[in-house]
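Structure file model-v2.cif (mmCIF, C-alpha atoms) is printed below.
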```cif
data_my_file
loop_
_atom_site.label_atom_id
_atom_site.label_comp_id
_atom_site.auth_asym_id
_atom_site.auth_seq_id
_atom_site.Cartn_x
_atom_site.Cartn_y
_atom_site.Cartn_z
CA MET A 1 0.00 0.00 0.00
CA SER A 2 1.28 3.45 -0.91
CA SER A 3 1.68 6.34 1.49
CA ILE A 4 0.21 8.55 -1.26
CA PRO A 5 -3.52 7.86 -1.60
CA GLY A 6 -4.45 7.65 -5.27
CA LEU A 7 -0.89 6.93 -6.44
CA GLU A 8 -2.18 3.98 -8.46
CA LYS A 9 -3.76 6.58 -10.80
CA LEU A 10 -0.22 7.45 -11.92
CA SER A 11 0.76 3.86 -12.77
CA VAL A 12 0.64 4.53 -16.52
CA MET A 13 2.86 7.63 -16.14
CA LEU A 14 5.50 6.32 -13.72
CA SER A 15 7.91 3.42 -13.79
CA GLU A 16 8.08 1.12 -10.77
CA ALA A 17 11.38 2.74 -9.74
CA ASP A 18 9.88 6.25 -10.01
CA THR A 19 6.83 5.16 -8.02
CA GLN A 20 9.09 3.85 -5.26
CA GLY A 21 11.22 7.01 -5.34
CA LEU A 22 8.15 9.23 -5.15
CA THR A 23 6.79 7.17 -2.26
CA ARG A 24 10.09 7.35 -0.35
CA SER A 25 10.27 11.12 -0.85
CA ALA A 26 6.67 11.55 0.29
CA ASP A 27 7.41 9.41 3.35
CA ARG A 28 10.32 11.71 4.24
CA HIS A 29 8.02 14.74 4.02
CA PHE A 30 5.53 12.95 6.26
CA ILE A 31 8.15 12.05 8.87
CA ALA A 32 9.85 15.48 8.84
CA SER A 33 6.81 17.77 8.73
CA ASN A 34 3.64 15.63 8.77
CA MET A 35 2.82 16.50 5.15
CA THR A 36 0.50 14.25 3.17
CA PHE A 37 -0.14 14.11 -0.56
CA THR A 38 -3.29 12.76 -2.20
CA ILE A 39 -3.76 12.27 -5.95
CA LEU A 40 -7.28 13.57 -6.60
CA SER A 41 -7.50 13.10 -10.34
CA VAL A 42 -5.42 12.45 -13.40
CA SER A 43 -6.25 13.63 -16.89
CA GLU A 44 -4.20 13.83 -20.03
CA GLY A 45 -1.31 16.12 -19.22
CA ALA A 46 -2.55 17.23 -15.78
CA ILE A 47 -2.77 15.97 -12.21
CA GLU A 48 -4.74 17.36 -9.27
CA ILE A 49 -2.95 16.89 -5.96
CA GLU A 50 -4.09 17.77 -2.47
CA THR A 51 -1.35 18.57 0.02
CA ALA A 52 -2.04 18.90 3.72
CA GLN A 53 0.02 19.37 6.84
CA GLY A 54 -1.02 17.97 10.19
CA GLU A 55 0.09 18.92 13.66
CA THR A 56 3.84 18.78 14.25
CA LYS A 57 5.80 18.24 17.47
CA SER A 58 7.94 21.28 16.72
CA GLY A 59 4.95 23.57 16.29
CA LYS A 60 6.41 24.90 13.04
CA TYR A 61 4.08 24.94 10.05
CA ALA A 62 4.48 25.60 6.36
CA SER A 63 2.54 28.35 4.63
CA GLN A 64 0.22 27.55 1.76
CA ALA A 65 2.87 28.78 -0.69
CA THR A 66 5.50 26.53 0.90
CA LEU A 67 3.21 23.48 0.74
CA ILE A 68 2.55 24.15 -2.94
CA SER A 69 6.26 24.67 -3.64
CA ARG A 70 7.28 21.44 -1.89
CA THR A 71 4.57 19.49 -3.70
CA ARG A 72 5.63 20.93 -7.05
CA GLU A 73 9.30 20.08 -6.35
CA LEU A 74 8.43 16.53 -5.33
CA PHE A 75 6.14 15.63 -8.22
CA SER A 76 7.96 17.62 -10.95
CA LYS A 77 11.07 15.53 -10.36
CA TYR A 78 9.19 12.42 -11.49
CA LEU A 79 6.62 14.00 -13.82
CA PRO A 80 8.40 16.98 -15.45
CA GLU A 81 6.06 17.30 -18.44
CA ILE A 82 2.81 17.13 -16.47
CA LYS A 83 0.87 20.19 -15.36
CA LEU A 84 0.23 20.09 -11.61
CA HIS A 85 -2.88 21.57 -10.00
CA ILE A 86 -2.13 21.70 -6.29
CA PHE A 87 -4.62 22.33 -3.52
CA ALA A 88 -2.86 23.04 -0.22
CA ALA A 89 -4.43 22.81 3.22
CA THR A 90 -2.33 24.47 5.91
CA TYR A 91 -2.52 23.32 9.51
CA ALA A 92 -5.09 25.16 11.60
CA PRO A 93 -4.71 24.46 15.31
CA SER A 94 -7.79 23.74 17.35
CA PRO A 95 -8.98 26.84 19.23
CA ALA A 96 -9.03 24.68 22.35
CA SER A 97 -5.26 24.21 22.11
CA THR A 98 -4.84 27.80 23.36
CA VAL A 99 -6.29 26.84 26.75
CA THR A 100 -3.71 26.83 29.54
CA THR A 101 -4.01 27.49 33.27
CA LYS A 102 -2.88 31.08 32.66
CA TRP A 103 -5.52 31.49 29.92
CA LEU A 104 -8.19 30.10 32.28
CA GLU A 105 -7.23 32.48 35.08
CA GLU A 106 -7.25 35.50 32.75
CA LYS A 107 -10.63 34.64 31.17
CA MET A 108 -12.23 33.88 34.54
CA LYS A 109 -10.94 37.18 35.95
CA VAL A 110 -12.09 39.24 32.94
CA LYS A 111 -15.54 37.62 32.91
CA GLY A 112 -15.90 37.54 36.69
CA ILE A 113 -16.56 33.81 36.71
CA ARG A 114 -15.66 31.65 39.69
CA ILE A 115 -14.96 27.94 39.94
CA LYS A 116 -18.23 27.43 41.82
CA GLN A 117 -20.22 28.93 38.91
CA ILE A 118 -18.46 26.73 36.32
CA ALA A 119 -19.14 23.66 38.49
CA PHE A 120 -22.82 24.57 38.84
CA GLU A 121 -23.35 25.29 35.13
CA THR A 122 -21.42 22.27 33.84
CA GLY A 123 -22.26 19.69 36.49
CA ILE A 124 -18.56 18.94 37.01
CA GLY A 125 -17.27 18.76 40.58
CA LYS A 126 -15.62 21.85 42.05
CA GLU A 127 -12.55 19.81 42.97
CA SER A 128 -11.96 18.77 39.36
CA ILE A 129 -12.50 22.31 38.07
CA SER A 130 -10.13 23.66 40.73
CA ASP A 131 -7.45 21.08 39.89
CA TRP A 132 -7.60 22.03 36.20
CA VAL A 133 -7.60 25.79 36.86
CA THR A 134 -4.64 25.60 39.27
CA GLY A 135 -2.69 23.16 37.11
CA LYS A 136 -2.71 20.32 39.66
CA LYS A 137 -4.36 18.10 37.09
CA SER A 138 -3.53 18.17 33.38
CA MET A 139 -6.37 18.94 30.96
CA SER A 140 -7.36 16.56 28.18
CA GLN A 141 -8.29 18.01 24.80
CA ILE A 142 -11.99 17.53 25.67
CA VAL A 143 -11.60 19.49 28.92
CA LYS A 144 -9.74 22.26 27.08
CA ALA A 145 -12.52 22.40 24.50
CA MET A 146 -15.14 22.65 27.24
CA PHE A 147 -13.29 25.55 28.92
CA TYR A 148 -12.67 27.27 25.59
CA PHE A 149 -16.31 27.26 24.56
CA TYR A 150 -17.54 28.03 28.07
CA LEU A 151 -15.26 31.04 28.52
CA SER A 152 -15.35 32.34 24.94
CA ARG A 153 -19.06 32.96 24.77
#
```

Encoding of this model in structure tokens:
Amino acid sequence: MSSIPGLEKLSVMLSEADTQGLTRSADRHFIASNMTFTILSVSEGAIEIETAQGETKSGKYASQATLISRTRELFSKYLPEIKLHIFAATYAPSPASTVTTKWLEEKMKVKGIRIKQIAFETGIGKESISDWVTGKKSMSQIVKAMFYFYLSR
């Protein structure tokens, strides 16, 4: 199975060696920067490719122009005569990922909301809310999402 969904659509255009080379190069992009490539469609003389970047450990993300450039460099090496139509999807972090204990304290202070009120309105125990707000207990993504939407309204 290929790491490039839809790669089989290029079987008439690429040799087995080129297919393997393209796959290895795409794998390196995935490992280094969590970039994925999907072959959407192939017509005579043109290919539509979707490029996307997922979340990275480093927190560094490519711009749309960079994603397009890297995709063009990768595929042009193996398909120099083919016109490439590239659709790039940059990484957009979840709004909930901004939630930290400092963010909680600031939002609660600005809105005049206390732990007791959050516990009453959400049905979650005061102890759990307090542990999350003070940082004694780490917050899961679901808890961060709950706080984000509760305090951003």

What residues come out when you apply the PyMOL selection byres ((chain A and resi 9-23) around 8) to this file, written as a PDB file with C-alpha atoms, keeping the file's coordinate frame?
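Ended up saving to selection_5.pdb:
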```pdb
ATOM      1  CA  SER A   2       1.280   3.450  -0.910  1.00  0.00           C
ATOM      2  CA  SER A   3       1.680   6.340   1.490  1.00  0.00           C
ATOM      3  CA  ILE A   4       0.210   8.550  -1.260  1.00  0.00           C
ATOM      4  CA  GLY A   6      -4.450   7.650  -5.270  1.00  0.00           C
ATOM      5  CA  LEU A   7      -0.890   6.930  -6.440  1.00  0.00           C
ATOM      6  CA  GLU A   8      -2.180   3.980  -8.460  1.00  0.00           C
ATOM      7  CA  ARG A  24      10.090   7.350  -0.350  1.00  0.00           C
ATOM      8  CA  SER A  25      10.270  11.120  -0.850  1.00  0.00           C
ATOM      9  CA  ALA A  26       6.670  11.550   0.290  1.00  0.00           C
ATOM     10  CA  ASP A  27       7.410   9.410   3.350  1.00  0.00           C
ATOM     11  CA  ILE A  39      -3.760  12.270  -5.950  1.00  0.00           C
ATOM     12  CA  SER A  41      -7.500  13.100 -10.340  1.00  0.00           C
ATOM     13  CA  VAL A  42      -5.420  12.450 -13.400  1.00  0.00           C
ATOM     14  CA  LEU A  74       8.430  16.530  -5.330  1.00  0.00           C
ATOM     15  CA  PHE A  75       6.140  15.630  -8.220  1.00  0.00           C
ATOM     16  CA  TYR A  78       9.190  12.420 -11.490  1.00  0.00           C
ATOM     17  CA  LEU A  79       6.620  14.000 -13.820  1.00  0.00           C
TER      18      LEU A  79
END
```

Residues in the PyMOL selection byres ((chain A and resi 91) around 6), expressed as a PyMOL selection string: chain A and resi 53-54+90+92

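Considering the residues A:Glu106, A:Tyr150, A:Ile31, A:Lys136 and counting only C-alpha atoms, Glu121 of chain A has its shortest atom-to-atom contact with A:Tyr150.
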
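Computed from the coordinates, the atom CA of Lys144 of chain A to atom CA of Ser130 of chain A distance equals 13.7 Å.
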
Option closest in space to Val133 of chain A, from A:Met35, A:Ile118, A:Val110, A:Ile82 [counting all atoms listed in the file]: A:Ile118

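Across the chains present, the PyMOL selection byres ((chain A and resi 59) around 12) applied to this file returns Ser33, Asn34, Gln53, Gly54, Glu55, Thr56, Lys57, Ser58, Lys60, Tyr61, Ala62, Tyr91, Ala92, Pro93 and Ser97 of chain A.
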
Point-to-point distance in Å for atom CA of Met146 of chain A and atom CA of Ala96 of chain A: 8.1 Å

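If you look at atom CA of Leu67 of chain A and atom CA of Ser43 of chain A, they are 22.3 Å away from each other.
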
Spatial neighbours of Gly135 of chain A, max dist 12 Å, all atoms listed in the file, sep filter under 6 positions, as an mmCIF file with C-alpha atoms, in the frame of the given file:
```cif
data_model
loop_
_atom_site.group_PDB
_atom_site.id
_atom_site.type_symbol
_atom_site.label_atom_id
_atom_site.label_comp_id
_atom_site.auth_asym_id
_atom_site.auth_seq_id
_atom_site.Cartn_x
_atom_site.Cartn_y
_atom_site.Cartn_z
ATOM 1 C CA VAL A 99 -6.290 26.840 26.750
ATOM 2 C CA THR A 100 -3.710 26.830 29.540
ATOM 3 C CA THR A 101 -4.010 27.490 33.270
ATOM 4 C CA LYS A 102 -2.880 31.080 32.660
ATOM 5 C CA TRP A 103 -5.520 31.490 29.920
ATOM 6 C CA LEU A 104 -8.190 30.100 32.280
ATOM 7 C CA GLU A 105 -7.230 32.480 35.080
ATOM 8 C CA GLU A 127 -12.550 19.810 42.970
ATOM 9 C CA SER A 128 -11.960 18.770 39.360
ATOM 10 C CA ILE A 129 -12.500 22.310 38.070
#
```

Env of Gln117 of chain A: 12 Å cut, atoms = all atoms listed in the file, seq-sep filter 6 positions within chain, self excluded. Answer as a compact mmCIF listing (two decimals) with C-alpha atoms, in the frame of the given file.
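Output file around.txt follows:
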```txt
# COMPACT_ATOMS: atom_id res chain seq x y z
CA MET A 108 -12.23 33.88 34.54
CA LYS A 111 -15.54 37.62 32.91
CA GLY A 123 -22.26 19.69 36.49
CA ILE A 124 -18.56 18.94 37.01
CA GLY A 125 -17.27 18.76 40.58
CA LYS A 126 -15.62 21.85 42.05
CA ILE A 129 -12.50 22.31 38.07
CA SER A 130 -10.13 23.66 40.73
CA TYR A 150 -17.54 28.03 28.07
CA LEU A 151 -15.26 31.04 28.52
```

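Distances from A:Gln141, A:Ser94, A:Thr122, A:Ser76 to Ala46 of chain A were compared using only C-alpha atoms, and the smallest one belongs to A:Ser76.
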